[in-house]
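A.B. asks: My file is final.cif. It has mmCIF, C-alpha atoms and all ligand atoms:
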data_data
loop_
_atom_site.label_atom_id
_atom_site.label_comp_id
_atom_site.auth_asym_id
_atom_site.auth_seq_id
_atom_site.Cartn_x
_atom_site.Cartn_y
_atom_site.Cartn_z
CA MET A 1 -63.37 -25.09 -58.36
CA THR A 2 -65.53 -26.12 -55.39
CA GLN A 3 -67.06 -23.60 -53.05
CA PHE A 4 -64.71 -24.92 -50.39
CA ASP A 5 -61.66 -24.14 -52.55
CA GLU A 6 -63.05 -20.69 -53.30
CA ALA A 7 -63.57 -20.02 -49.60
CA VAL A 8 -60.01 -21.19 -48.84
CA GLU A 9 -58.63 -18.85 -51.51
CA ALA A 10 -60.65 -15.87 -50.24
CA ALA A 11 -59.61 -16.61 -46.64
CA GLU A 12 -55.94 -16.81 -47.68
CA PHE A 13 -56.26 -13.44 -49.40
CA LEU A 14 -57.82 -11.90 -46.28
CA ARG A 15 -55.17 -13.43 -44.02
CA GLY A 16 -52.56 -11.78 -46.22
CA ARG A 17 -54.32 -8.46 -45.73
CA GLY A 18 -54.24 -8.71 -41.94
CA PHE A 19 -57.70 -10.12 -41.24
CA GLY A 20 -56.50 -13.33 -39.56
CA GLY A 21 -57.21 -13.86 -35.89
CA ALA A 22 -60.43 -11.85 -35.68
CA GLU A 23 -62.55 -12.83 -32.70
CA VAL A 24 -65.82 -11.86 -34.31
CA ALA A 25 -67.25 -10.82 -37.67
CA VAL A 26 -70.12 -8.36 -37.67
CA VAL A 27 -72.42 -8.26 -40.70
CA LEU A 28 -74.01 -4.82 -40.96
CA GLY A 29 -77.57 -4.50 -42.24
CA SER A 30 -79.26 -1.78 -44.31
CA GLY A 31 -78.35 1.66 -42.98
CA LEU A 32 -76.32 0.14 -40.12
CA GLY A 33 -72.90 0.39 -41.78
CA ASP A 34 -71.58 3.09 -39.43
CA PHE A 35 -70.22 0.53 -36.97
CA ALA A 36 -67.48 -0.14 -39.54
CA ASP A 37 -66.25 3.44 -39.07
CA SER A 38 -66.12 3.11 -35.29
CA LEU A 39 -63.29 0.55 -35.24
CA ALA A 40 -59.91 1.58 -33.84
CA GLU A 41 -56.79 1.11 -36.01
CA PRO A 42 -58.92 0.36 -39.06
CA PHE A 43 -57.84 -1.21 -42.33
CA GLU A 44 -60.07 -2.32 -45.16
CA VAL A 45 -60.55 -4.02 -48.48
CA SER A 46 -63.42 -3.49 -50.87
CA TYR A 47 -65.48 -6.56 -51.72
CA GLY A 48 -64.37 -6.35 -55.33
CA GLU A 49 -60.76 -7.11 -54.34
CA ILE A 50 -61.53 -10.38 -52.55
CA PRO A 51 -61.38 -13.47 -54.78
CA HIS A 52 -64.83 -14.99 -55.51
CA TRP A 53 -66.56 -12.56 -53.13
CA PRO A 54 -69.91 -11.29 -54.48
CA ALA A 55 -70.57 -7.53 -54.47
CA SER A 56 -73.96 -6.16 -53.47
CA GLY A 57 -75.83 -3.68 -55.62
CA VAL A 58 -78.32 -2.35 -53.05
CA ILE A 59 -78.33 1.30 -52.00
CA GLY A 60 -77.10 1.54 -48.42
CA HIS A 61 -74.86 -1.53 -48.77
CA ALA A 62 -71.41 -0.15 -49.35
CA GLY A 63 -69.53 -3.38 -49.93
CA ARG A 64 -66.34 -3.29 -47.88
CA LEU A 65 -64.67 -5.34 -45.22
CA VAL A 66 -63.13 -3.34 -42.38
CA GLY A 67 -60.76 -4.80 -39.80
CA GLY A 68 -59.85 -3.14 -36.52
CA LEU A 69 -60.23 -3.16 -32.77
CA VAL A 70 -63.20 -2.76 -30.46
CA GLY A 71 -62.31 -2.68 -26.78
CA GLY A 72 -58.95 -4.23 -27.69
CA ARG A 73 -60.58 -7.14 -29.54
CA ARG A 74 -59.95 -7.91 -33.17
CA VAL A 75 -63.11 -7.44 -35.16
CA MET A 76 -64.04 -7.53 -38.80
CA ALA A 77 -67.04 -5.57 -40.01
CA LEU A 78 -68.78 -6.57 -43.22
CA ALA A 79 -70.50 -3.46 -44.53
CA GLY A 80 -72.83 -4.69 -47.24
CA ARG A 81 -74.30 -8.08 -47.99
CA VAL A 82 -75.83 -9.85 -50.94
CA HIS A 83 -79.55 -10.66 -50.71
CA VAL A 84 -81.60 -13.48 -52.11
CA TYR A 85 -83.85 -10.94 -53.84
CA GLU A 86 -80.97 -9.80 -56.01
CA GLY A 87 -81.40 -13.12 -57.76
CA ARG A 88 -78.15 -14.63 -56.49
CA PRO A 89 -77.99 -18.29 -55.53
CA LEU A 90 -77.97 -18.85 -51.77
CA ALA A 91 -74.46 -20.25 -52.01
CA ARG A 92 -73.34 -16.78 -53.16
CA VAL A 93 -75.46 -15.00 -50.56
CA THR A 94 -73.76 -16.99 -47.80
CA PHE A 95 -70.25 -17.12 -49.30
CA ALA A 96 -68.98 -14.52 -46.81
CA MET A 97 -69.92 -16.89 -43.97
CA ARG A 98 -67.98 -19.73 -45.62
CA VAL A 99 -64.95 -17.46 -45.78
CA MET A 100 -65.34 -16.49 -42.11
CA GLY A 101 -65.40 -20.20 -41.29
CA ARG A 102 -62.20 -20.88 -43.25
CA LEU A 103 -60.54 -17.83 -41.67
CA GLY A 104 -61.20 -19.40 -38.29
CA VAL A 105 -63.47 -16.63 -37.02
CA PRO A 106 -65.30 -18.31 -34.12
CA ARG A 107 -68.47 -16.22 -34.06
CA VAL A 108 -70.56 -13.85 -36.14
CA ILE A 109 -72.99 -11.10 -35.27
CA LEU A 110 -75.67 -10.73 -37.93
CA THR A 111 -77.56 -7.46 -37.96
CA ASN A 112 -80.45 -6.40 -40.12
CA ALA A 113 -83.24 -3.93 -40.71
CA ALA A 114 -86.61 -5.56 -40.10
CA GLY A 115 -90.30 -4.77 -40.04
CA GLY A 116 -92.02 -4.95 -36.64
CA ILE A 117 -94.81 -7.51 -36.39
CA ASN A 118 -95.10 -7.48 -32.60
CA THR A 119 -97.30 -4.46 -31.79
CA ARG A 120 -95.29 -3.75 -28.63
CA PHE A 121 -92.45 -2.68 -30.95
CA SER A 122 -92.10 0.69 -32.63
CA ARG A 123 -89.78 2.30 -35.16
CA GLY A 124 -86.28 2.18 -33.75
CA THR A 125 -86.78 -0.80 -31.41
CA LEU A 126 -83.74 -3.07 -31.26
CA MET A 127 -84.59 -6.77 -31.12
CA LEU A 128 -82.32 -9.61 -30.14
CA ILE A 129 -83.12 -12.58 -32.37
CA ASP A 130 -84.07 -15.56 -30.19
CA ASP A 131 -84.79 -17.81 -33.14
CA HIS A 132 -85.93 -17.61 -36.75
CA ILE A 133 -88.55 -19.02 -39.09
CA ASN A 134 -87.15 -19.50 -42.57
CA LEU A 135 -89.94 -18.79 -45.06
CA MET A 136 -87.61 -18.08 -47.97
CA GLY A 137 -88.75 -21.34 -49.50
CA THR A 138 -85.22 -22.60 -49.78
CA ASN A 139 -82.19 -23.37 -47.65
CA PRO A 140 -78.55 -22.47 -48.32
CA LEU A 141 -77.45 -26.02 -47.44
CA VAL A 142 -79.40 -27.59 -50.33
CA GLY A 143 -77.15 -29.52 -52.70
CA PRO A 144 -74.21 -31.85 -52.21
CA ASN A 145 -72.83 -31.48 -48.69
CA ASP A 146 -69.12 -30.79 -48.25
CA GLU A 147 -68.22 -32.47 -44.96
CA ARG A 148 -65.21 -30.15 -44.64
CA PHE A 149 -67.72 -27.39 -43.89
CA GLY A 150 -70.05 -29.41 -41.67
CA PRO A 151 -72.52 -32.30 -41.41
CA ARG A 152 -75.35 -33.13 -43.81
CA PHE A 153 -78.07 -32.61 -41.20
CA PRO A 154 -76.82 -29.92 -38.81
CA ASP A 155 -78.66 -29.28 -35.56
CA MET A 156 -80.32 -25.86 -35.34
CA SER A 157 -81.92 -26.11 -31.91
CA GLU A 158 -79.77 -23.25 -30.58
CA ILE A 159 -78.96 -21.43 -33.79
CA TYR A 160 -78.63 -18.08 -31.96
CA ALA A 161 -76.18 -18.71 -29.11
CA PRO A 162 -77.73 -18.25 -25.66
CA GLY A 163 -74.37 -17.13 -24.25
CA LEU A 164 -73.96 -14.38 -26.82
CA ARG A 165 -77.55 -13.27 -26.26
CA SER A 166 -76.81 -12.86 -22.54
CA LEU A 167 -73.77 -10.73 -23.35
CA ALA A 168 -75.85 -8.51 -25.65
CA ARG A 169 -78.49 -8.06 -22.95
CA GLU A 170 -75.80 -7.08 -20.43
CA ALA A 171 -74.26 -4.67 -22.94
CA ALA A 172 -77.62 -3.04 -23.68
CA ALA A 173 -78.46 -2.70 -19.99
CA GLU A 174 -75.13 -1.06 -19.26
CA ALA A 175 -75.54 1.33 -22.20
CA GLY A 176 -79.11 2.14 -21.13
CA VAL A 177 -80.47 0.90 -24.46
CA PRO A 178 -83.83 -0.91 -24.37
CA LEU A 179 -83.42 -4.29 -26.05
CA GLU A 180 -86.41 -6.41 -27.01
CA HIS A 181 -86.17 -9.99 -28.13
CA GLY A 182 -88.19 -12.20 -30.43
CA VAL A 183 -88.49 -14.42 -33.47
CA TYR A 184 -87.37 -13.23 -36.92
CA VAL A 185 -89.18 -14.53 -39.95
CA ALA A 186 -87.07 -14.49 -43.11
CA VAL A 187 -88.84 -13.91 -46.40
CA HIS A 188 -87.58 -13.84 -49.96
CA GLY A 189 -88.57 -10.26 -50.91
CA PRO A 190 -87.99 -7.88 -52.62
CA SER A 191 -91.61 -6.72 -52.32
CA TYR A 192 -92.65 -5.92 -48.79
CA GLU A 193 -95.27 -8.25 -47.36
CA THR A 194 -99.02 -7.91 -47.64
CA PRO A 195 -101.01 -7.17 -44.47
CA ALA A 196 -102.51 -10.69 -44.69
CA GLU A 197 -99.01 -12.19 -44.72
CA ILE A 198 -98.05 -10.16 -41.68
CA ARG A 199 -101.16 -11.35 -39.79
CA ALA A 200 -100.27 -14.92 -40.76
CA PHE A 201 -96.66 -14.49 -39.59
CA ARG A 202 -97.93 -13.14 -36.26
CA VAL A 203 -100.03 -16.28 -35.78
CA LEU A 204 -96.93 -18.35 -36.60
CA GLY A 205 -95.08 -16.71 -33.73
CA ALA A 206 -92.96 -14.14 -35.52
CA ASP A 207 -92.10 -10.75 -34.00
CA ALA A 208 -90.16 -9.22 -36.90
CA VAL A 209 -89.78 -9.79 -40.63
CA GLY A 210 -86.83 -9.30 -42.95
CA MET A 211 -85.08 -10.45 -46.10
CA SER A 212 -81.71 -11.62 -44.80
CA THR A 213 -79.90 -13.21 -41.84
CA ALA A 214 -81.51 -16.68 -41.77
CA PRO A 215 -79.38 -18.08 -44.64
CA GLU A 216 -76.19 -16.69 -43.10
CA ALA A 217 -77.11 -18.00 -39.66
CA LEU A 218 -77.77 -21.48 -41.09
CA VAL A 219 -74.45 -21.55 -42.92
CA ALA A 220 -72.48 -20.19 -39.96
CA ARG A 221 -74.03 -22.82 -37.67
CA HIS A 222 -73.35 -25.52 -40.24
CA MET A 223 -69.66 -24.76 -39.71
CA GLY A 224 -70.03 -24.64 -35.93
CA LEU A 225 -69.66 -20.87 -35.56
CA GLU A 226 -71.61 -19.15 -32.80
CA VAL A 227 -74.24 -16.71 -34.05
CA LEU A 228 -75.82 -13.61 -32.55
CA GLY A 229 -78.59 -11.78 -34.40
CA ILE A 230 -79.83 -8.24 -33.80
CA SER A 231 -82.67 -6.61 -35.74
CA CYS A 232 -83.30 -2.91 -35.95
CA ILE A 233 -87.05 -2.45 -36.32
CA THR A 234 -86.92 0.25 -38.98
CA ASN A 235 -90.66 0.29 -39.69
CA MET A 236 -93.78 -1.45 -38.53
CA ALA A 237 -94.65 -4.29 -40.91
CA ALA A 238 -97.33 -3.92 -43.58
CA GLY A 239 -100.82 -3.25 -42.26
CA VAL A 240 -99.75 -2.64 -38.66
CA LEU A 241 -99.99 1.12 -39.19
CA PRO A 242 -102.27 2.84 -41.71
CA GLU A 243 -99.40 3.93 -43.96
CA PRO A 244 -97.38 2.49 -46.87
CA LEU A 245 -93.85 1.10 -46.45
CA ASP A 246 -90.90 2.88 -47.96
CA HIS A 247 -87.21 1.93 -48.14
CA ARG A 248 -86.35 5.53 -47.20
CA GLU A 249 -88.09 5.04 -43.86
CA VAL A 250 -85.94 1.95 -43.31
CA MET A 251 -82.74 3.91 -43.93
CA GLU A 252 -83.87 6.93 -41.85
CA THR A 253 -84.74 4.85 -38.79
CA ALA A 254 -81.52 2.86 -39.00
CA ARG A 255 -79.59 6.13 -39.09
CA ARG A 256 -81.55 7.53 -36.14
CA VAL A 257 -80.69 4.62 -33.83
CA ARG A 258 -77.11 4.11 -34.98
CA GLY A 259 -75.67 5.41 -31.69
CA GLN A 260 -77.68 2.90 -29.65
CA PHE A 261 -76.92 0.18 -32.10
CA ILE A 262 -73.18 0.79 -32.01
CA ALA A 263 -73.27 0.94 -28.19
CA VAL A 264 -74.87 -2.51 -28.00
CA LEU A 265 -72.43 -3.97 -30.53
CA GLU A 266 -69.39 -2.46 -28.81
CA GLY A 267 -70.55 -3.58 -25.38
CA THR A 268 -71.19 -7.09 -26.64
CA VAL A 269 -67.83 -7.41 -28.36
CA GLY A 270 -66.10 -5.95 -25.30
CA ARG A 271 -67.58 -8.77 -23.20
CA LEU A 272 -66.43 -11.65 -25.39
N1 LIG A 301 -90.33 -6.36 -44.36
C1 LIG A 301 -89.28 -7.06 -44.85
N2 LIG A 301 -88.04 -6.66 -44.75
C2 LIG A 301 -87.79 -5.49 -44.15
C3 LIG A 301 -88.83 -4.70 -43.62
C4 LIG A 301 -90.18 -5.17 -43.73
O1 LIG A 301 -91.14 -4.53 -43.29
N3 LIG A 301 -88.26 -3.60 -43.08
C5 LIG A 301 -86.93 -3.71 -43.27
N4 LIG A 301 -86.64 -4.86 -43.92
#
Let's see the structure in the file written out as structure tokens.
C.D. replies:
Amino acid sequence: MTQFDEAVEAAEFLRGRGFGGAEVAVVLGSGLGDFADSLAEPFEVSYGEIPHWPASGVIGHAGRLVGGLVGGRRVMALAGRVHVYEGRPLARVTFAMRVMGRLGVPRVILTNAAGGINTRFSRGTLMLIDDHINLMGTNPLVGPNDERFGPRFPDMSEIYAPGLRSLAREAAAEAGVPLEHGVYVAVHGPSYETPAEIRAFRVLGADAVGMSTAPEALVARHMGLEVLGISCITNMAAGVLPEPLDHREVMETARRVRGQFIAVLEGTVGRL
């Protein structure tokens, strides 16, 4: 069975469970899953029920798909994602995006926890992703191209939609939430970076570092979906502060800013 057929089957299953017609899919990063519980008239499936859908094993990634309404708009929230560092092929990591494409969802909001490289940032800063640098050493579009998904050489010059970024800025301003913006560098993980790597990434023009998002953004764009990316700076990147990095800090910070985070997401979706 091709990945296309698998995506069609998964999309059919989700349509049968009421997920058709969503205006946006929101992928929730580490510790940011609470948005899924803020939807009105919610319904859900667990990842394990969806044909071909990979389940994530990381703590803080629940693994469920929640449908519902935000400001009257049909939304699906993906709480939990599969990461490259789990050893899964990129085709699996980005399968959810393929399914969103086959479901006809026109846009995705990708959220993540990230380390702050830009020294103007601090723990809890929210950063709109202007663009990314993919340093994962691989690309999810490697391999035979299925033209039913998109072209062999897709353009990525506006991978994060300027229009959606404007809406997010408006939403943040209205909610009184400070919203920074910058470049996200995607790394393979799972180890956190070394201080020398972080200095190098800063020279390259990166403002934040994380282990997700870029593959999903590439695959979503390949299918012509619009993409918005928002990072929660859960910690300053390695070497920026004189202290070690800890996954618990990531989860704690994400939890601390969840109210602000949800306000920006809701305001953005409400403006679509
Ligand atoms: N580096 C990479 N990924 C991350 C970080 C980090 O500092 N924080 C949260 N995700």
A.B. asks: In Å, with one decimal, what is the gap from atom CA of Leu90 of chain A to atom CA of Ala237 of chain A?
C.D. replies: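 For atom CA of Leu90 of chain A relative to atom CA of Ala237 of chain A, the distance reads 24.7 Å.
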A.B. asks: Point out the residue among A:Ala55, A:Ala22, A:Ala11, A:Ala91 with the least atom-to-atom distance to Val219 of chain A, counting all atoms listed in the file.
C.D. replies: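 Closest candidate: A:Ala91.
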A.B. asks: Would you name the residues within 8 Å of ligand LIG 301 (chain A), counting all atoms listed in the file, and put them as a list in words?
C.D. replies: Ser30, Asn112, Ala113, Ala114, Gly115, Gly116, Ala186, Val187, Gly189, Pro190, Ser191, Tyr192, Glu193, Ala208, Val209, Gly210, Met211, Ile233, Thr234, Asn235, Met236, Ala237, Ala238, Leu245, His247 and Val250 of chain A
A.B. asks: Which of these residues is nearest to Ala206 of chain A, using all atoms listed in the file: A:Phe149, A:Phe261, A:Tyr184, A:Tyr85?
C.D. replies: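 Ranked by minimum distance to Ala206 of chain A, first place goes to A:Tyr184.
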A.B. asks: Please report the interatomic distance between atom CA of Ser46 of chain A and atom CA of Arg64 of chain A in Å with one decimal.
C.D. replies: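 Computed distance, atom CA of Ser46 of chain A to atom CA of Arg64 of chain A, equals 4.2 Å.
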A.B. asks: Near Gly20 of chain A, counting all atoms listed in the file, which residues have an atom at most 9 Å away, once you skip same-chain residues fewer than 3 positions from it, shown as a ChimeraX atom specification?
C.D. replies: /A:11-12,14-17,103-105
A.B. asks: If we count only C-alpha atoms and set the cut-off at 8 Å, which residues sit around Glu252 of chain A, ignoring sequence neighbours fewer than 4 positions away in its own chain? Please answer as a list in words.
C.D. replies: Gly31, Thr234, Arg248 and Arg256 of chain A
A.B. asks: For Gly63 of chain A, which residue among A:Leu241, A:Met97, A:Ile109, A:Val27 is the nearest when counting all atoms listed in the file?
C.D. replies: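 Nearest to Gly63 of chain A: A:Val27.
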A.B. asks: Which value, in Å to one decimal, gives the distance between atom CA of Ala171 of chain A and atom CA of Leu65 of chain A?
C.D. replies: 24.3 Å
A.B. asks: From the options A:Ala172, A:Ala220, A:Val185, A:Ile198, which residue's atoms come nearest to Pro154 of chain A, counting all atoms listed in the file?
C.D. replies: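 Nearest candidate to Pro154 of chain A out of A:Ala172, A:Ala220, A:Val185, A:Ile198: A:Ala220.
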A.B. asks: Ranking A:Leu265, A:Val45, A:Met156, A:Met76 by minimum distance to Ser231 of chain A and counting only C-alpha atoms, which one comes first?
C.D. replies: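 Comparing A:Leu265, A:Val45, A:Met156, A:Met76 against Ser231 of chain A, the winner is A:Leu265.
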